[in-house]
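J.: I have a structure here, written as structure tokens, and I will follow up with some questions on it.
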2 protein chains.
Amino acid sequence: MRNPEQLVERFRSEGLKITPQRQLLFSLLHDNAEHPTAEALFITASAQMPGISLRTVYQTLADLTEMGELGQVTFDGRAVRFDPNLTDHHHAVCDMCGAIADVSIDHLDAVSISEPNDFSPSSTSVVIHGTCAKCSAPSKNLDKPTNNQTT
Amino acid sequence: MRNPEQLVERFRSEGLKITPQRQLLFSLLHDNAEHPTAEALFITASAQMPGISLRTVYQTLADLTEMGELGQVTFDGRAVRFDPNLTDHHHAVCDMCGAIADVSIDHLDAVSISEPNDFSPSSTSVVIHGTCAKCSAPSKNLDKPTNNQTT
DNA sequence: TGCTTGTTCGCACGATTTGCAGATTAGGCC
DNA sequence: GGCCTAATCTGCAAATCGTGCGAACAAGCA
């Protein structure tokens, strides 16, 4: 996703208005590697702008997604998560705490895939399930596995 | 997933009862490569057993999943799909009609993956998006793209 | 400042799934 | 076959996630 200033430019050039709600969400999403849900963004946004509507968060996220500025991923069949990282990458999901990390995979096209007849692939996504560092650490410190699935 | 007879054995040996509803679902799932949703199974089941409850379908699918006889996959963030194929495989999803096909990928472990520090992977799933044969066929016949996402 | 049009907001609703409680029934025992 | 008990089924309410709609509001421009 472009930085907030560039997004403002783009919105303006497309005749869309620059509202405080949109600007806040631009900044919350910029360089955000947490793959937040709409609900999580709403909570963060509400802290800075009490009164902002969840509906507006959904709307803005949908707009950005439609403009190609934001990616969407779902791993568990639950809430959609938003990803401002538009580079070619994949995801590692911690099955304990739900944390999601980006992973890069080189030469994925080198693996031998037996596709069904006449299937025309357009994109490939890889999800690695496992346990993250925090959750696999036995008891190094007092940290419990951070169940931050919604934060 | 085991065949219906074997599932009956397993259920019996675990003290679970063999009901007509369960037997019907066993047979509907056996060798089913369509990755049906609970709703789709409910519709099919209802045709053969009017009065069966959607709640029962969900319950039985959850039981089978918990027993490890059934896999679950979600691709679009909507309904969960059930997969009796427990072999190591992945999925090709048609973005036009929603059809899902199994694909096998060899030597997936050979690709170079830059995992985040201390992430302990347990499984990897690959989803290939694209267009299936039916939907990419221009107009060979009168078939329209079969929008069978719910059937 | 005032106008126009896009935005925001709140609410209702749709889709999917689960919790609950009462009715029903499978399976064992006589 | 009939009975008993615990498991199961069923219908309904409710939780979760997301979207449609209409009224109120505000950004951007003359």
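By order of appearance in the structure tokens: chains A, B, ..., then residues from 1 within every chain, and ligands from 1 in the order shown.
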Near B:Pro121, counting only C-alpha atoms (C1' of nucleotides), which residues have an atom at most 10 Å away, once you skip same-chain residues fewer than 6 positions from it, shown as a ChimeraX atom specification?
T.: /A:92-95,128-132 /B:115
J.: Please identify the alpha helix (DSSP H) residues within stretch 48-113 of chain A (assignment by DSSP from backbone atoms) and present them as a list of chain:residue names.
T.: A:Gln48, A:Leu54, A:Arg55, A:Thr56, A:Val57, A:Tyr58, A:Gln59, A:Thr60, A:Leu61, A:Ala62, A:Asp63, A:Leu64, A:Thr65, A:Glu66
J.: Can those selected residues be exported to a file as a short mmCIF file (atom, residue, chain, number, x, y, z; two decimals), in the first residue's frame so that it contains C-alpha atoms?
T.:
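As written to disk, result25.cif reads:
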data_model
loop_
_atom_site.label_atom_id
_atom_site.label_comp_id
_atom_site.auth_asym_id
_atom_site.auth_seq_id
_atom_site.Cartn_x
_atom_site.Cartn_y
_atom_site.Cartn_z
CA GLN A 48 -7.97 7.99 18.30
CA LEU A 54 -17.41 0.29 12.17
CA ARG A 55 -19.39 0.72 8.99
CA THR A 56 -16.95 3.36 7.82
CA VAL A 57 -14.00 1.11 8.57
CA TYR A 58 -15.53 -1.66 6.47
CA GLN A 59 -16.33 0.81 3.72
CA THR A 60 -12.85 2.30 3.57
CA LEU A 61 -11.19 -1.10 3.64
CA ALA A 62 -13.43 -2.22 0.80
CA ASP A 63 -12.54 0.91 -1.16
CA LEU A 64 -8.83 0.39 -0.69
CA THR A 65 -9.14 -3.26 -1.61
CA GLU A 66 -11.04 -2.42 -4.76
#
J.: Residues at most 9 Å from A:Pro84, counting only C-alpha atoms (C1' of nucleotides), excluding those fewer than 6 positions away in the same chain, as number ranges by chain?
T.: A: 1-2, 29-33, 35, 69-72
J.: The selected residues should be written to file as a PDB file, in the first residue's frame (atoms: N, CA and C atoms).
T.:
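Below is the file that was written, selection_10.pdb:
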ATOM      1  N   MET A   1       0.841  -1.184   0.000  1.00  0.00           N
ATOM      2  CA  MET A   1       0.000   0.000   0.000  1.00  0.00           C
ATOM      3  C   MET A   1       0.877   1.234   0.000  1.00  0.00           C
ATOM      4  N   ARG A   2       0.462   2.267  -0.710  1.00  0.00           N
ATOM      5  CA  ARG A   2       1.235   3.505  -0.714  1.00  0.00           C
ATOM      6  C   ARG A   2       1.157   4.192   0.646  1.00  0.00           C
ATOM      7  N   LEU A  29      -3.038   1.821   8.662  1.00  0.00           N
ATOM      8  CA  LEU A  29      -2.707   0.695   7.798  1.00  0.00           C
ATOM      9  C   LEU A  29      -1.285   0.753   7.276  1.00  0.00           C
ATOM     10  N   HIS A  30      -0.756   1.977   7.207  1.00  0.00           N
ATOM     11  CA  HIS A  30       0.560   2.134   6.598  1.00  0.00           C
ATOM     12  C   HIS A  30       1.619   1.355   7.363  1.00  0.00           C
ATOM     13  N   ASP A  31       2.346   0.519   6.636  1.00  0.00           N
ATOM     14  CA  ASP A  31       3.414  -0.275   7.249  1.00  0.00           C
ATOM     15  C   ASP A  31       2.917  -1.158   8.382  1.00  0.00           C
ATOM     16  N   ASN A  32       1.642  -1.463   8.362  1.00  0.00           N
ATOM     17  CA  ASN A  32       1.061  -2.334   9.378  1.00  0.00           C
ATOM     18  C   ASN A  32       1.258  -3.781   8.952  1.00  0.00           C
ATOM     19  N   ALA A  33       2.050  -4.509   9.710  1.00  0.00           N
ATOM     20  CA  ALA A  33       2.361  -5.897   9.352  1.00  0.00           C
ATOM     21  C   ALA A  33       1.571  -6.892  10.184  1.00  0.00           C
ATOM     22  N   HIS A  35      -1.649  -7.673   9.909  1.00  0.00           N
ATOM     23  CA  HIS A  35      -2.787  -8.295   9.242  1.00  0.00           C
ATOM     24  C   HIS A  35      -4.053  -8.154  10.077  1.00  0.00           C
ATOM     25  N   GLU A  69      -5.066  -1.272  -3.382  1.00  0.00           N
ATOM     26  CA  GLU A  69      -4.077  -0.769  -2.434  1.00  0.00           C
ATOM     27  C   GLU A  69      -3.936  -1.683  -1.220  1.00  0.00           C
ATOM     28  N   LEU A  70      -4.833  -2.629  -1.118  1.00  0.00           N
ATOM     29  CA  LEU A  70      -4.880  -3.471   0.066  1.00  0.00           C
ATOM     30  C   LEU A  70      -5.196  -4.894  -0.367  1.00  0.00           C
ATOM     31  N   GLY A  71      -4.536  -5.839   0.297  1.00  0.00           N
ATOM     32  CA  GLY A  71      -4.848  -7.236   0.025  1.00  0.00           C
ATOM     33  C   GLY A  71      -5.715  -7.806   1.128  1.00  0.00           C
ATOM     34  N   GLN A  72      -6.436  -8.868   0.819  1.00  0.00           N
ATOM     35  CA  GLN A  72      -7.266  -9.537   1.814  1.00  0.00           C
ATOM     36  C   GLN A  72      -6.810 -10.978   1.960  1.00  0.00           C
TER      37      GLN A  72
END
J.: Output as a list in words the set of chain C residues within 10 Å of chain B, with distances taken over only C-alpha atoms (C1' of nucleotides).
T.: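 For chain C, the answer reads DA15, DT16, DT17, DT18, DT25, DA26 and DG27 of chain C.
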J.: Limited to C-alpha atoms (C1' of nucleotides), could you put the picked residues into a file as an mmCIF file, in the first residue's frame?
T.:
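Heads up, here's the output in out_7.cif:
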data_model
loop_
_atom_site.group_PDB
_atom_site.id
_atom_site.type_symbol
_atom_site.label_atom_id
_atom_site.label_comp_id
_atom_site.auth_asym_id
_atom_site.auth_seq_id
_atom_site.Cartn_x
_atom_site.Cartn_y
_atom_site.Cartn_z
ATOM 1 C "C1'" DA C 15 -25.013 -15.814 5.766
ATOM 2 C "C1'" DT C 16 -22.735 -19.093 8.525
ATOM 3 C "C1'" DT C 17 -22.192 -21.473 12.711
ATOM 4 C "C1'" DT C 18 -22.957 -22.707 17.580
ATOM 5 C "C1'" DT C 25 -34.279 -43.002 19.526
ATOM 6 C "C1'" DA C 26 -30.287 -46.466 19.407
ATOM 7 C "C1'" DG C 27 -28.467 -50.090 21.884
#
J.: Mind running chain A against chain B at 12 Å and telling me each contacting residue's nearest atom pair with the distance in Å (one decimal), counting only C-alpha atoms, chain and number ascending, as JSON lines?
T.:
{"residue": "A:Gln72", "atom": "CA", "partner": "B:Gly77", "partner_atom": "CA", "distance": 9.7}
{"residue": "A:Val73", "atom": "CA", "partner": "B:Gly77", "partner_atom": "CA", "distance": 8.1}
{"residue": "A:Thr74", "atom": "CA", "partner": "B:Gly77", "partner_atom": "CA", "distance": 5.6}
{"residue": "A:Phe75", "atom": "CA", "partner": "B:Thr74", "partner_atom": "CA", "distance": 7.3}
{"residue": "A:Asp76", "atom": "CA", "partner": "B:Thr74", "partner_atom": "CA", "distance": 6.9}
{"residue": "A:Gly77", "atom": "CA", "partner": "B:Gly77", "partner_atom": "CA", "distance": 4.7}
{"residue": "A:Arg78", "atom": "CA", "partner": "B:Gly77", "partner_atom": "CA", "distance": 6.2}
{"residue": "A:Ala79", "atom": "CA", "partner": "B:Gly77", "partner_atom": "CA", "distance": 7.0}
{"residue": "A:Val80", "atom": "CA", "partner": "B:Gly77", "partner_atom": "CA", "distance": 6.4}
{"residue": "A:Arg81", "atom": "CA", "partner": "B:Gly77", "partner_atom": "CA", "distance": 9.6}
{"residue": "A:His89", "atom": "CA", "partner": "B:Ser114", "partner_atom": "CA", "distance": 10.2}
{"residue": "A:His90", "atom": "CA", "partner": "B:Ile113", "partner_atom": "CA", "distance": 9.5}
{"residue": "A:His91", "atom": "CA", "partner": "B:Glu115", "partner_atom": "CA", "distance": 9.1}
{"residue": "A:Ala92", "atom": "CA", "partner": "B:Glu115", "partner_atom": "CA", "distance": 7.6}
{"residue": "A:Val93", "atom": "CA", "partner": "B:Pro121", "partner_atom": "CA", "distance": 8.8}
{"residue": "A:Cys94", "atom": "CA", "partner": "B:Phe119", "partner_atom": "CA", "distance": 8.2}
{"residue": "A:Asp95", "atom": "CA", "partner": "B:Ser122", "partner_atom": "CA", "distance": 9.4}
{"residue": "A:Met96", "atom": "CA", "partner": "B:Ser120", "partner_atom": "CA", "distance": 11.4}
{"residue": "A:Ala99", "atom": "CA", "partner": "B:Phe119", "partner_atom": "CA", "distance": 10.9}
{"residue": "A:Ile100", "atom": "CA", "partner": "B:Pro116", "partner_atom": "CA", "distance": 10.1}
{"residue": "A:Ala101", "atom": "CA", "partner": "B:Pro116", "partner_atom": "CA", "distance": 7.0}
{"residue": "A:Asp102", "atom": "CA", "partner": "B:Pro116", "partner_atom": "CA", "distance": 7.7}
{"residue": "A:Val103", "atom": "CA", "partner": "B:Glu115", "partner_atom": "CA", "distance": 5.6}
{"residue": "A:Ser104", "atom": "CA", "partner": "B:Ser114", "partner_atom": "CA", "distance": 5.6}
{"residue": "A:Ile105", "atom": "CA", "partner": "B:Ile113", "partner_atom": "CA", "distance": 4.7}
{"residue": "A:Asp106", "atom": "CA", "partner": "B:Ser112", "partner_atom": "CA", "distance": 5.6}
{"residue": "A:His107", "atom": "CA", "partner": "B:Val111", "partner_atom": "CA", "distance": 6.3}
{"residue": "A:Leu108", "atom": "CA", "partner": "B:Val111", "partner_atom": "CA", "distance": 6.1}
{"residue": "A:Asp109", "atom": "CA", "partner": "B:Val111", "partner_atom": "CA", "distance": 9.0}
{"residue": "A:Ala110", "atom": "CA", "partner": "B:Val111", "partner_atom": "CA", "distance": 7.7}
{"residue": "A:Val111", "atom": "CA", "partner": "B:Leu108", "partner_atom": "CA", "distance": 6.1}
{"residue": "A:Ser112", "atom": "CA", "partner": "B:Asp106", "partner_atom": "CA", "distance": 5.7}
{"residue": "A:Ile113", "atom": "CA", "partner": "B:Ile105", "partner_atom": "CA", "distance": 4.7}
{"residue": "A:Ser114", "atom": "CA", "partner": "B:Ser104", "partner_atom": "CA", "distance": 5.6}
{"residue": "A:Glu115", "atom": "CA", "partner": "B:Val103", "partner_atom": "CA", "distance": 5.6}
{"residue": "A:Pro116", "atom": "CA", "partner": "B:Val103", "partner_atom": "CA", "distance": 6.8}
{"residue": "A:Asn117", "atom": "CA", "partner": "B:Ala133", "partner_atom": "CA", "distance": 7.0}
{"residue": "A:Asp118", "atom": "CA", "partner": "B:Ala133", "partner_atom": "CA", "distance": 4.9}
{"residue": "A:Phe119", "atom": "CA", "partner": "B:Cys132", "partner_atom": "CA", "distance": 4.5}
{"residue": "A:Ser120", "atom": "CA", "partner": "B:Thr131", "partner_atom": "CA", "distance": 5.1}
{"residue": "A:Pro121", "atom": "CA", "partner": "B:Gly130", "partner_atom": "CA", "distance": 4.1}
{"residue": "A:Ser122", "atom": "CA", "partner": "B:Gly130", "partner_atom": "CA", "distance": 4.6}
{"residue": "A:Ser123", "atom": "CA", "partner": "B:His129", "partner_atom": "CA", "distance": 5.2}
{"residue": "A:Thr124", "atom": "CA", "partner": "B:Ile128", "partner_atom": "CA", "distance": 4.4}
{"residue": "A:Ser125", "atom": "CA", "partner": "B:Val127", "partner_atom": "CA", "distance": 5.3}
{"residue": "A:Val126", "atom": "CA", "partner": "B:Val126", "partner_atom": "CA", "distance": 4.5}
{"residue": "A:Val127", "atom": "CA", "partner": "B:Ser125", "partner_atom": "CA", "distance": 5.3}
{"residue": "A:Ile128", "atom": "CA", "partner": "B:Thr124", "partner_atom": "CA", "distance": 4.4}
{"residue": "A:His129", "atom": "CA", "partner": "B:Ser123", "partner_atom": "CA", "distance": 5.2}
{"residue": "A:Gly130", "atom": "CA", "partner": "B:Pro121", "partner_atom": "CA", "distance": 4.1}
{"residue": "A:Thr131", "atom": "CA", "partner": "B:Ser120", "partner_atom": "CA", "distance": 5.1}
{"residue": "A:Cys132", "atom": "CA", "partner": "B:Phe119", "partner_atom": "CA", "distance": 4.5}
{"residue": "A:Ala133", "atom": "CA", "partner": "B:Asp118", "partner_atom": "CA", "distance": 4.9}
{"residue": "A:Lys134", "atom": "CA", "partner": "B:Asp118", "partner_atom": "CA", "distance": 8.6}
{"residue": "A:Cys135", "atom": "CA", "partner": "B:Phe119", "partner_atom": "CA", "distance": 9.3}
{"residue": "A:Ser136", "atom": "CA", "partner": "B:Ser120", "partner_atom": "CA", "distance": 7.8}
{"residue": "A:Ala137", "atom": "CA", "partner": "B:Asp118", "partner_atom": "CA", "distance": 9.2}
J.: For chain D against chain A, which residues fall within 8 Å using only C-alpha atoms (C1' of nucleotides), given as a PyMOL selection string?
T.: chain D and resi 17+27-28
J.: Keeping only N, CA and C atoms (P, O5', C5', C4', C3', O3' and C1' of nucleotides), take the residues you just selected and write them out as a PDB file, in the first residue's frame.
T.:
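This went into out08.pdb:
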ATOM      1  P    DC D  17     -15.902 -12.369  14.504  1.00  0.00           P
ATOM      2  O5'  DC D  17     -16.334 -11.977  13.026  1.00  0.00           O
ATOM      3  C5'  DC D  17     -16.359 -13.000  12.031  1.00  0.00           C
ATOM      4  C4'  DC D  17     -17.035 -12.471  10.796  1.00  0.00           C
ATOM      5  C3'  DC D  17     -16.534 -11.103  10.305  1.00  0.00           C
ATOM      6  O3'  DC D  17     -16.090 -11.259   8.969  1.00  0.00           O
ATOM      7  C1'  DC D  17     -18.899 -11.197  10.325  1.00  0.00           C
ATOM      8  P    DA D  27     -15.067  17.893   6.481  1.00  0.00           P
ATOM      9  O5'  DA D  27     -14.335  17.650   5.087  1.00  0.00           O
ATOM     10  C5'  DA D  27     -14.361  16.348   4.512  1.00  0.00           C
ATOM     11  C4'  DA D  27     -14.258  16.431   2.999  1.00  0.00           C
ATOM     12  C3'  DA D  27     -13.255  17.461   2.487  1.00  0.00           C
ATOM     13  O3'  DA D  27     -12.645  16.917   1.334  1.00  0.00           O
ATOM     14  C1'  DA D  27     -15.445  18.027   1.752  1.00  0.00           C
ATOM     15  P    DG D  28     -11.326  17.559   0.676  1.00  0.00           P
ATOM     16  O5'  DG D  28     -11.921  18.399  -0.539  1.00  0.00           O
ATOM     17  C5'  DG D  28     -12.660  17.696  -1.542  1.00  0.00           C
ATOM     18  C4'  DG D  28     -13.295  18.661  -2.495  1.00  0.00           C
ATOM     19  C3'  DG D  28     -12.393  19.845  -2.899  1.00  0.00           C
ATOM     20  O3'  DG D  28     -12.524  20.007  -4.304  1.00  0.00           O
ATOM     21  C1'  DG D  28     -14.458  20.635  -2.084  1.00  0.00           C
TER      22       DG D  28
END
J.: DSSP on the backbone: what in chain A comes out strand (DSSP E or B), as a PyMOL selection string?
T.: chain A and resi 37+71-73+81-83+90-94+100-106+112-114+120-131
